[in-house]
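Trainee: File work01.txt below, compact mmCIF, C-alpha atoms and all ligand atoms:
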# COMPACT_ATOMS: atom_id res chain seq x y z
CA MET A 109 -105.91 -59.31 109.46
CA SER A 110 -103.58 -57.06 111.39
CA ARG A 111 -102.05 -58.43 114.54
CA THR A 112 -101.23 -56.06 117.42
CA PRO A 113 -97.51 -56.34 118.21
CA ILE A 114 -96.74 -57.57 121.71
CA ILE A 115 -93.43 -56.88 123.46
CA ALA A 116 -93.12 -58.86 126.67
CA GLY A 117 -90.48 -58.65 129.36
CA ASN A 118 -89.66 -61.90 131.13
CA TRP A 119 -88.08 -60.90 134.41
CA LYS A 120 -87.24 -64.50 135.44
CA LEU A 121 -86.05 -64.66 139.09
CA ASN A 122 -85.10 -60.98 139.20
CA MET A 123 -86.70 -57.93 140.81
CA ASN A 124 -88.38 -57.58 144.22
CA PRO A 125 -91.67 -55.74 144.91
CA LYS A 126 -89.89 -52.43 145.66
CA GLU A 127 -87.85 -52.59 142.44
CA THR A 128 -91.03 -53.55 140.61
CA VAL A 129 -92.85 -50.40 141.73
CA GLU A 130 -89.83 -48.22 140.89
CA PHE A 131 -89.67 -49.78 137.41
CA VAL A 132 -93.38 -49.22 136.73
CA ASN A 133 -93.24 -45.63 137.93
CA ALA A 134 -90.33 -44.97 135.58
CA VAL A 135 -92.06 -46.38 132.48
CA LYS A 136 -95.81 -46.04 132.90
CA ASP A 137 -96.27 -42.61 131.31
CA GLN A 138 -94.11 -43.37 128.27
CA LEU A 139 -95.68 -46.59 127.03
CA PRO A 140 -97.28 -46.80 123.58
CA ASP A 141 -101.02 -47.00 123.25
CA SER A 142 -102.08 -50.63 123.64
CA SER A 143 -103.79 -50.60 120.25
CA LYS A 144 -100.39 -49.81 118.67
CA VAL A 145 -98.10 -52.08 120.71
CA GLU A 146 -99.01 -54.15 123.74
CA SER A 147 -96.42 -53.58 126.48
CA LEU A 148 -96.29 -56.54 128.84
CA ILE A 149 -94.20 -57.47 131.86
CA CYS A 150 -94.19 -61.08 133.08
CA ALA A 151 -92.94 -61.12 136.65
CA PRO A 152 -92.25 -63.62 139.43
CA ALA A 153 -95.45 -64.60 141.28
CA VAL A 154 -94.28 -62.82 144.46
CA ASP A 155 -94.09 -59.48 142.58
CA LEU A 156 -97.44 -59.67 140.80
CA ASP A 157 -99.50 -57.91 143.44
CA ALA A 158 -97.09 -54.94 143.49
CA LEU A 159 -96.88 -54.94 139.69
CA LEU A 160 -100.65 -54.97 139.19
CA LYS A 161 -101.23 -52.16 141.69
CA ALA A 162 -98.46 -49.98 140.27
CA ALA A 163 -99.59 -50.59 136.66
CA GLU A 164 -103.27 -49.84 137.30
CA GLY A 165 -104.68 -47.30 134.83
CA SER A 166 -101.57 -47.42 132.60
CA ASN A 167 -100.85 -49.16 129.28
CA LEU A 168 -98.74 -51.79 131.04
CA HIS A 169 -100.14 -55.32 130.80
CA VAL A 170 -99.25 -57.91 133.42
CA GLY A 171 -98.31 -61.56 133.03
CA ALA A 172 -97.03 -64.42 135.18
CA GLU A 173 -94.00 -66.56 134.31
CA ASN A 174 -95.63 -69.88 135.09
CA CYS A 175 -98.61 -71.50 136.81
CA TYR A 176 -99.98 -74.94 137.61
CA TRP A 177 -102.83 -76.64 135.72
CA GLU A 178 -105.02 -77.20 138.79
CA ASN A 179 -106.86 -74.29 140.40
CA SER A 180 -106.59 -75.61 143.97
CA GLY A 181 -105.72 -78.67 146.04
CA ALA A 182 -102.78 -80.40 147.65
CA PHE A 183 -100.04 -79.05 145.34
CA THR A 184 -97.52 -77.47 147.69
CA GLY A 185 -95.65 -74.55 146.24
CA GLU A 186 -97.66 -74.21 143.04
CA THR A 187 -99.45 -71.14 141.65
CA SER A 188 -103.18 -71.31 140.90
CA PRO A 189 -104.32 -70.04 137.49
CA ALA A 190 -107.71 -69.15 139.04
CA VAL A 191 -106.01 -66.89 141.59
CA LEU A 192 -103.84 -65.27 138.90
CA LYS A 193 -107.02 -64.42 137.00
CA GLU A 194 -108.69 -63.10 140.16
CA MET A 195 -105.69 -60.82 140.76
CA GLY A 196 -105.98 -59.33 137.26
CA VAL A 197 -103.19 -61.16 135.43
CA GLN A 198 -103.80 -61.40 131.64
CA TYR A 199 -100.96 -63.59 130.32
CA VAL A 200 -98.97 -66.58 131.55
CA ILE A 201 -95.71 -67.80 130.02
CA ILE A 202 -95.60 -71.58 129.68
CA GLY A 203 -92.93 -73.95 128.47
CA HIS A 204 -89.98 -71.58 128.76
CA SER A 205 -86.80 -73.54 128.03
CA GLU A 206 -85.61 -72.89 131.59
CA ARG A 207 -88.79 -74.58 132.92
CA ARG A 208 -88.45 -77.43 130.43
CA GLY A 209 -84.75 -77.88 131.23
CA TYR A 210 -84.28 -77.18 134.96
CA PHE A 211 -87.75 -78.24 136.11
CA HIS A 212 -88.31 -81.10 133.67
CA GLU A 213 -91.60 -79.82 132.28
CA THR A 214 -92.91 -81.96 129.45
CA ASP A 215 -95.00 -81.06 126.40
CA GLU A 216 -97.90 -82.81 128.13
CA ASP A 217 -97.56 -80.63 131.27
CA ILE A 218 -97.39 -77.53 129.09
CA ASN A 219 -100.52 -78.53 127.18
CA LYS A 220 -102.41 -79.02 130.48
CA LYS A 221 -101.28 -75.57 131.58
CA ALA A 222 -102.43 -74.01 128.28
CA LYS A 223 -105.90 -75.51 128.78
CA ALA A 224 -106.09 -74.33 132.41
CA ILE A 225 -105.00 -70.79 131.46
CA PHE A 226 -107.65 -70.55 128.73
CA ALA A 227 -110.27 -72.07 131.05
CA ASN A 228 -109.54 -69.23 133.45
CA GLY A 229 -109.90 -66.53 130.79
CA MET A 230 -106.20 -65.67 130.44
CA THR A 231 -103.82 -66.03 127.48
CA PRO A 232 -100.87 -68.42 127.42
CA ILE A 233 -97.55 -67.44 125.88
CA LEU A 234 -96.37 -70.83 124.67
CA CYS A 235 -92.59 -71.03 124.32
CA CYS A 236 -90.81 -73.35 121.94
CA GLY A 237 -87.30 -73.55 120.56
CA GLU A 238 -84.41 -75.83 119.77
CA SER A 239 -80.99 -76.36 121.32
CA LEU A 240 -77.77 -75.62 119.44
CA GLU A 241 -77.20 -79.37 119.05
CA THR A 242 -80.61 -79.79 117.39
CA ARG A 243 -79.98 -76.84 115.04
CA GLU A 244 -76.53 -78.12 114.12
CA ALA A 245 -78.10 -81.48 113.30
CA GLY A 246 -80.52 -79.66 110.96
CA LYS A 247 -83.50 -80.88 112.96
CA GLU A 248 -84.78 -77.53 114.28
CA ASN A 249 -87.99 -77.43 112.22
CA GLU A 250 -88.96 -80.96 113.14
CA TRP A 251 -88.28 -80.20 116.83
CA VAL A 252 -90.24 -76.96 117.01
CA VAL A 253 -93.17 -78.31 114.96
CA SER A 254 -93.44 -81.25 117.34
CA GLN A 255 -93.42 -78.90 120.38
CA ILE A 256 -96.19 -76.83 118.76
CA LYS A 257 -98.32 -79.85 117.88
CA ALA A 258 -98.04 -81.23 121.42
CA GLY A 259 -98.62 -77.84 123.06
CA LEU A 260 -101.77 -77.18 121.03
CA GLU A 261 -103.28 -80.65 121.41
CA GLY A 262 -107.02 -80.35 122.05
CA LEU A 263 -107.15 -76.53 121.87
CA THR A 264 -109.91 -75.00 119.74
CA SER A 265 -109.33 -72.63 116.82
CA GLU A 266 -110.94 -69.83 118.90
CA GLN A 267 -108.36 -70.42 121.62
CA VAL A 268 -105.41 -70.64 119.24
CA SER A 269 -106.55 -67.41 117.55
CA LYS A 270 -105.92 -65.64 120.86
CA LEU A 271 -102.73 -67.50 121.72
CA VAL A 272 -99.23 -66.05 121.74
CA ILE A 273 -96.39 -68.36 120.69
CA ALA A 274 -92.80 -67.42 121.50
CA TYR A 275 -90.05 -68.93 119.36
CA GLU A 276 -86.93 -68.87 121.49
CA PRO A 277 -83.91 -70.80 120.20
CA ILE A 278 -82.18 -71.94 123.39
CA TRP A 279 -78.74 -71.03 121.99
CA ALA A 280 -79.83 -67.38 121.78
CA ILE A 281 -81.29 -66.98 125.29
CA GLY A 282 -79.15 -64.87 127.59
CA THR A 283 -76.10 -65.52 125.43
CA GLY A 284 -75.97 -62.23 123.55
CA LYS A 285 -76.24 -64.37 120.39
CA THR A 286 -79.37 -63.36 118.48
CA ALA A 287 -80.75 -65.50 115.72
CA SER A 288 -80.48 -63.46 112.53
CA SER A 289 -83.73 -61.79 111.60
CA ASP A 290 -83.95 -64.19 108.63
CA GLN A 291 -83.48 -67.27 110.85
CA ALA A 292 -86.11 -65.92 113.29
CA GLU A 293 -88.55 -65.13 110.48
CA GLU A 294 -88.07 -68.52 108.87
CA MET A 295 -89.04 -70.37 112.04
CA CYS A 296 -91.91 -68.02 112.90
CA LYS A 297 -93.25 -68.64 109.37
CA THR A 298 -92.92 -72.40 109.85
CA ILE A 299 -94.87 -72.10 113.12
CA ARG A 300 -97.63 -70.12 111.39
CA GLU A 301 -97.79 -72.73 108.61
CA THR A 302 -98.06 -75.46 111.25
CA VAL A 303 -101.01 -73.64 112.85
CA LYS A 304 -102.59 -73.36 109.39
CA ASP A 305 -102.16 -77.11 108.79
CA LEU A 306 -103.59 -77.95 112.21
CA TYR A 307 -106.47 -75.43 112.11
CA ASN A 308 -107.11 -73.08 109.20
CA GLU A 309 -105.85 -69.95 107.47
CA GLU A 310 -107.80 -67.56 109.71
CA THR A 311 -106.41 -69.05 112.91
CA ALA A 312 -102.89 -68.89 111.49
CA GLU A 313 -103.40 -65.24 110.57
CA ASN A 314 -104.65 -64.44 114.07
CA VAL A 315 -102.06 -66.20 116.24
CA ARG A 316 -99.32 -63.86 117.41
CA ILE A 317 -95.76 -65.16 117.23
CA GLN A 318 -92.92 -63.59 119.18
CA TYR A 319 -89.21 -64.09 118.76
CA GLY A 320 -87.08 -64.32 121.91
CA GLY A 321 -83.32 -64.61 122.38
CA SER A 322 -81.11 -61.61 123.13
CA VAL A 323 -83.63 -59.10 121.78
CA LYS A 324 -82.41 -55.59 122.58
CA PRO A 325 -83.04 -52.00 121.49
CA ALA A 326 -80.37 -52.37 118.77
CA ASN A 327 -82.06 -55.29 116.98
CA VAL A 328 -85.77 -54.98 117.82
CA LYS A 329 -86.66 -52.87 114.76
CA GLU A 330 -85.11 -55.29 112.29
CA LEU A 331 -86.81 -58.28 113.91
CA MET A 332 -90.19 -56.53 114.12
CA ALA A 333 -90.02 -55.63 110.41
CA LYS A 334 -90.37 -59.31 109.50
CA PRO A 335 -93.87 -60.31 108.40
CA ASP A 336 -94.29 -63.31 110.70
CA ILE A 337 -92.72 -61.78 113.83
CA ASP A 338 -95.40 -60.07 115.91
CA GLY A 339 -93.43 -59.35 119.05
CA GLY A 340 -90.54 -60.12 121.33
CA LEU A 341 -90.11 -62.06 124.54
CA VAL A 342 -87.24 -60.33 126.25
CA GLY A 343 -85.20 -61.31 129.30
CA GLY A 344 -82.12 -59.22 130.10
CA ALA A 345 -83.09 -56.09 128.16
CA SER A 346 -86.47 -55.86 129.94
CA LEU A 347 -84.97 -55.26 133.38
CA LYS A 348 -84.04 -51.60 133.00
CA PRO A 349 -86.68 -48.92 132.34
CA ASP A 350 -84.72 -47.16 129.56
CA SER A 351 -84.06 -50.29 127.62
CA TYR A 352 -87.65 -51.58 128.10
CA LEU A 353 -89.02 -48.25 126.87
CA ALA A 354 -86.76 -48.36 123.81
CA LEU A 355 -88.11 -51.83 123.02
CA VAL A 356 -91.83 -51.08 123.34
CA ASN A 357 -91.44 -47.76 121.52
CA TYR A 358 -89.55 -49.37 118.60
CA GLN A 359 -92.00 -47.83 116.10
CA ASP A 360 -90.99 -44.25 117.00
C1 LIG A 401 -86.01 -65.05 127.78
O1 LIG A 401 -85.86 -64.98 128.97
O2 LIG A 401 -87.03 -65.57 127.36
C2 LIG A 401 -84.99 -64.48 126.92
C3 LIG A 401 -85.16 -64.52 125.62
O3 LIG A 401 -83.89 -63.92 127.52
P1 LIG A 401 -82.81 -62.91 126.85
O4 LIG A 401 -83.62 -61.83 126.19
O5 LIG A 401 -82.01 -62.39 128.00
O6 LIG A 401 -82.02 -63.69 125.87
Starting from the file, lay out its structure as structure tokens.
Ligand code: PEP

Mentor:
Amino acid sequence: MSRTPIIAGNWKLNMNPKETVEFVNAVKDQLPDSSKVESLICAPAVDLDALLKAAEGSNLHVGAENCYWENSGAFTGETSPAVLKEMGVQYVIIGHSERRGYFHETDEDINKKAKAIFANGMTPILCCGESLETREAGKENEWVVSQIKAGLEGLTSEQVSKLVIAYEPIWAIGTGKTASSDQAEEMCKTIRETVKDLYNEETAENVRIQYGGSVKPANVKELMAKPDIDGGLVGGASLKPDSYLALVNYQD
């Protein structure tokens, strides 16, 4: 089973609609074919309309950075997964460590979001990853496996086959400190084995696993050469067209 690599930018709370259009215009004709590498940008909800319009007809895929688990109702300030789907969004990041940390999202919330995203015909990018303290205590595998088990609770093997999981050690996010390619591979392999234990071999072979944490043009090739790393979730290095293009065209 060959998995299509997926390189995703996570813009966080950066970029406005004008900058979004400028970015897309600078990259859209130089993206790899989607059957070779999927090029994805996950943008703030307020930029999605501009991003979708600018990306139309190109190889750029569009994702959101978060959504709620209800489609409508009295939930002031939330983003509806049904509306994201209606707009043309394909992916939604859930469980990013910034959402877990600053906004107190729990594994249970994240699992509800995963179900709502699948119910609306989109694909979740489920983030997991340990803190430096947890790694130094030697408990990183236990921690990540428990996040995966809780995040996947009640999902079918068909759903998990389409899922993207992003392993992002918190100590490597925005710090310039990348996990070594061996450390990243080791955890991505553990995640795939966990999916195999929970489901079956086929599901584990299908699920795509990204590494995230200071991925940049200088290290993307080495990371992507690892057998269990199918992509990158990239913050800082996804904000500039040149650097984003170098990432998605890492095979050249
Ligand atoms: C991220 O935002 O998910 C991330 C990994 O950020 P950075 O690439 O800047 O470390």

Trainee: For atom CA of A:Lys144 and atom CA of A:His204, quote the distance in Å rounded to one decimal.

Mentor: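 These two atoms are separated by 26.2 Å.
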
Trainee: Could you list, as a VMD selection string, all protein and nucleic acid residues with an atom at most 9 Å from ligand LIG 401 (chain A), counting only C-alpha atoms and all ligand atoms?

Mentor: chain A and resid 117 to 120 204 to 206 235 274 276 to 286 319 to 324 340 to 346

Trainee: What's the 8 Å shell around stretch 222-226 of chain A, counting all atoms listed in the file, without same-chain residues fewer than 6 positions away, as an NGL selection string?

Mentor: :A and (177-178 or 189 or 200 or 202 or 232 or 234 or 259-260 or 263 or 267)

Trainee: What does the distance from atom CA of A:Asp141 to atom CA of A:Val191 come to in Å, to one decimal?

Mentor: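 If I compute the distance from atom CA of A:Asp141 to atom CA of A:Val191, I get 27.5 Å.
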
Trainee: Rounded to one decimal, what separation in Å do you get between atom CA of A:Thr184 and atom CA of A:Tyr199?

Mentor: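 Taking atom CA of A:Thr184 as the start and atom CA of A:Tyr199 as the end point, the length is 22.5 Å.
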
Trainee: Here is a test: counting all atoms listed in the file, which residue of A:Asn122, A:Gln318, A:Ser351, A:Ser147 is nearest to A:Lys334?

Mentor: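 The closest residue to A:Lys334 is A:Gln318.
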
Trainee: Restricting the calculation to only C-alpha atoms: of A:Pro113, A:Lys221, A:Ala292, A:Arg208, which residue gets closest to A:Asn179?

Mentor: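 Counting only C-alpha atoms, the residue closest to A:Asn179 is A:Lys221.
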
Trainee: Hey, what's within 9 Å of A:Trp251 if we count only C-alpha atoms and toss same-chain stuff fewer than 2 positions away? As number ranges by chain, please?

Mentor: A: 236-238, 242, 247-249, 253-256

Trainee: Looking at all atoms listed in the file, which of A:Thr311, A:Ser142, A:Met230, A:Ala287 is the one that sits closest to A:Ser269?

Mentor: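 Ranking A:Thr311, A:Ser142, A:Met230, A:Ala287 by distance to A:Ser269, first place goes to A:Thr311.
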
Trainee: Taking only C-alpha atoms into account, which of A:Asn327, A:Ala333, A:Gly203, A:Gly181 comes nearest A:Leu355?

Mentor: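 Among the listed residues, A:Asn327 lies closest to A:Leu355.
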
Trainee: Which of these, A:Glu213, A:Glu164, A:Glu146, A:Glu309, has the shortest distance to A:Gly339 once you count all atoms listed in the file?

Mentor: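 Nearest to A:Gly339: A:Glu146.
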
Trainee: May I ask which of the residues A:Lys348, A:Lys193, A:Lys297, A:Lys270 is the closest one to A:Thr112, counting only C-alpha atoms?

Mentor: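 For A:Thr112, the nearest of the given residues is A:Lys270.
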
Trainee: Step by step: start from the point (-98.9, -49.3, 125.9) in the file's coordinates, keep every protein, DNA or RNA residue that has an atom no farther than 12 Å from it, count all atoms listed in the file, and write the set as a VMD selection string.

Mentor: chain A and resid 112 to 116 135 to 149 163 165 to 170 352 to 353 355 to 358

Trainee: Could you give me, as an mmCIF file with C-alpha atoms, in the frame of the given file, the residues within 9 Å of A:Val315, counting only C-alpha atoms and dropping anything in the same chain fewer than 4 positions from it?

Mentor:
data_model
loop_
_atom_site.group_PDB
_atom_site.id
_atom_site.type_symbol
_atom_site.label_atom_id
_atom_site.label_comp_id
_atom_site.auth_asym_id
_atom_site.auth_seq_id
_atom_site.Cartn_x
_atom_site.Cartn_y
_atom_site.Cartn_z
ATOM 1 C CA ARG A 111 -102.050 -58.430 114.540
ATOM 2 C CA VAL A 268 -105.410 -70.640 119.240
ATOM 3 C CA SER A 269 -106.550 -67.410 117.550
ATOM 4 C CA LYS A 270 -105.920 -65.640 120.860
ATOM 5 C CA LEU A 271 -102.730 -67.500 121.720
ATOM 6 C CA VAL A 272 -99.230 -66.050 121.740
ATOM 7 C CA ILE A 273 -96.390 -68.360 120.690
ATOM 8 C CA ARG A 300 -97.630 -70.120 111.390
ATOM 9 C CA VAL A 303 -101.010 -73.640 112.850
ATOM 10 C CA GLU A 310 -107.800 -67.560 109.710
ATOM 11 C CA THR A 311 -106.410 -69.050 112.910
#

Trainee: Within 8 Å of A:Glu293, counting all atoms listed in the file, which residues show up once you throw out same-chain ones fewer than 6 positions away? Write them as a PyMOL selection string, please.

Mentor: chain A and resi 331+334-337

Trainee: Within 7 Å of stretch 129-133 of chain A, counting only C-alpha atoms, which residues show up once you throw out same-chain ones fewer than 2 positions away? Write them as a PyMOL selection string, please.

Mentor: chain A and resi 125-127+135-136+158-159+162-163+349

Trainee: Write out the residues from the selection above, keeping C-alpha atoms, as a PDB file, keeping the file's coordinate frame.

Mentor:
ATOM      1  CA  PRO A 125     -91.670 -55.740 144.910  1.00  0.00           C
ATOM      2  CA  LYS A 126     -89.890 -52.430 145.660  1.00  0.00           C
ATOM      3  CA  GLU A 127     -87.850 -52.590 142.440  1.00  0.00           C
ATOM      4  CA  VAL A 135     -92.060 -46.380 132.480  1.00  0.00           C
ATOM      5  CA  LYS A 136     -95.810 -46.040 132.900  1.00  0.00           C
ATOM      6  CA  ALA A 158     -97.090 -54.940 143.490  1.00  0.00           C
ATOM      7  CA  LEU A 159     -96.880 -54.940 139.690  1.00  0.00           C
ATOM      8  CA  ALA A 162     -98.460 -49.980 140.270  1.00  0.00           C
ATOM      9  CA  ALA A 163     -99.590 -50.590 136.660  1.00  0.00           C
ATOM     10  CA  PRO A 349     -86.680 -48.920 132.340  1.00  0.00           C
TER      11      PRO A 349
END

Trainee: N, CA and C atoms are needed for stretch 215-229 of chain A; please write them out as a PDB file, in the frame of the given file.

Mentor:
ATOM      1  N   ASP A 215     -93.991 -81.617 127.306  1.00  0.00           N
ATOM      2  CA  ASP A 215     -95.000 -81.060 126.400  1.00  0.00           C
ATOM      3  C   ASP A 215     -96.405 -81.311 126.944  1.00  0.00           C
ATOM      4  N   GLU A 216     -96.578 -82.462 127.587  1.00  0.00           N
ATOM      5  CA  GLU A 216     -97.900 -82.810 128.130  1.00  0.00           C
ATOM      6  C   GLU A 216     -98.274 -81.861 129.282  1.00  0.00           C
ATOM      7  N   ASP A 217     -97.313 -81.583 130.168  1.00  0.00           N
ATOM      8  CA  ASP A 217     -97.560 -80.630 131.270  1.00  0.00           C
ATOM      9  C   ASP A 217     -97.950 -79.267 130.694  1.00  0.00           C
ATOM     10  N   ILE A 218     -97.209 -78.866 129.671  1.00  0.00           N
ATOM     11  CA  ILE A 218     -97.390 -77.530 129.090  1.00  0.00           C
ATOM     12  C   ILE A 218     -98.767 -77.426 128.433  1.00  0.00           C
ATOM     13  N   ASN A 219     -99.189 -78.500 127.796  1.00  0.00           N
ATOM     14  CA  ASN A 219    -100.520 -78.530 127.180  1.00  0.00           C
ATOM     15  C   ASN A 219    -101.619 -78.425 128.249  1.00  0.00           C
ATOM     16  N   LYS A 220    -101.408 -79.104 129.390  1.00  0.00           N
ATOM     17  CA  LYS A 220    -102.410 -79.020 130.480  1.00  0.00           C
ATOM     18  C   LYS A 220    -102.470 -77.591 131.013  1.00  0.00           C
ATOM     19  N   LYS A 221    -101.320 -76.958 131.108  1.00  0.00           N
ATOM     20  CA  LYS A 221    -101.280 -75.570 131.580  1.00  0.00           C
ATOM     21  C   LYS A 221    -102.001 -74.645 130.595  1.00  0.00           C
ATOM     22  N   ALA A 222    -101.767 -74.853 129.301  1.00  0.00           N
ATOM     23  CA  ALA A 222    -102.430 -74.010 128.280  1.00  0.00           C
ATOM     24  C   ALA A 222    -103.943 -74.102 128.453  1.00  0.00           C
ATOM     25  N   LYS A 223    -104.445 -75.321 128.640  1.00  0.00           N
ATOM     26  CA  LYS A 223    -105.900 -75.510 128.780  1.00  0.00           C
ATOM     27  C   LYS A 223    -106.408 -74.821 130.047  1.00  0.00           C
ATOM     28  N   ALA A 224    -105.663 -74.931 131.144  1.00  0.00           N
ATOM     29  CA  ALA A 224    -106.090 -74.330 132.410  1.00  0.00           C
ATOM     30  C   ALA A 224    -106.083 -72.796 132.308  1.00  0.00           C
ATOM     31  N   ILE A 225    -105.110 -72.255 131.612  1.00  0.00           N
ATOM     32  CA  ILE A 225    -105.000 -70.790 131.460  1.00  0.00           C
ATOM     33  C   ILE A 225    -106.185 -70.280 130.635  1.00  0.00           C
ATOM     34  N   PHE A 226    -106.485 -70.947 129.536  1.00  0.00           N
ATOM     35  CA  PHE A 226    -107.650 -70.550 128.730  1.00  0.00           C
ATOM     36  C   PHE A 226    -108.942 -70.724 129.539  1.00  0.00           C
ATOM     37  N   ALA A 227    -109.048 -71.823 130.273  1.00  0.00           N
ATOM     38  CA  ALA A 227    -110.270 -72.070 131.050  1.00  0.00           C
ATOM     39  C   ALA A 227    -110.502 -70.967 132.073  1.00  0.00           C
ATOM     40  N   ASN A 228    -109.423 -70.311 132.483  1.00  0.00           N
ATOM     41  CA  ASN A 228    -109.540 -69.230 133.450  1.00  0.00           C
ATOM     42  C   ASN A 228    -109.570 -67.839 132.786  1.00  0.00           C
ATOM     43  N   GLY A 229    -109.726 -67.812 131.483  1.00  0.00           N
ATOM     44  CA  GLY A 229    -109.900 -66.530 130.790  1.00  0.00           C
ATOM     45  C   GLY A 229    -108.618 -65.713 130.627  1.00  0.00           C
TER      46      GLY A 229
END
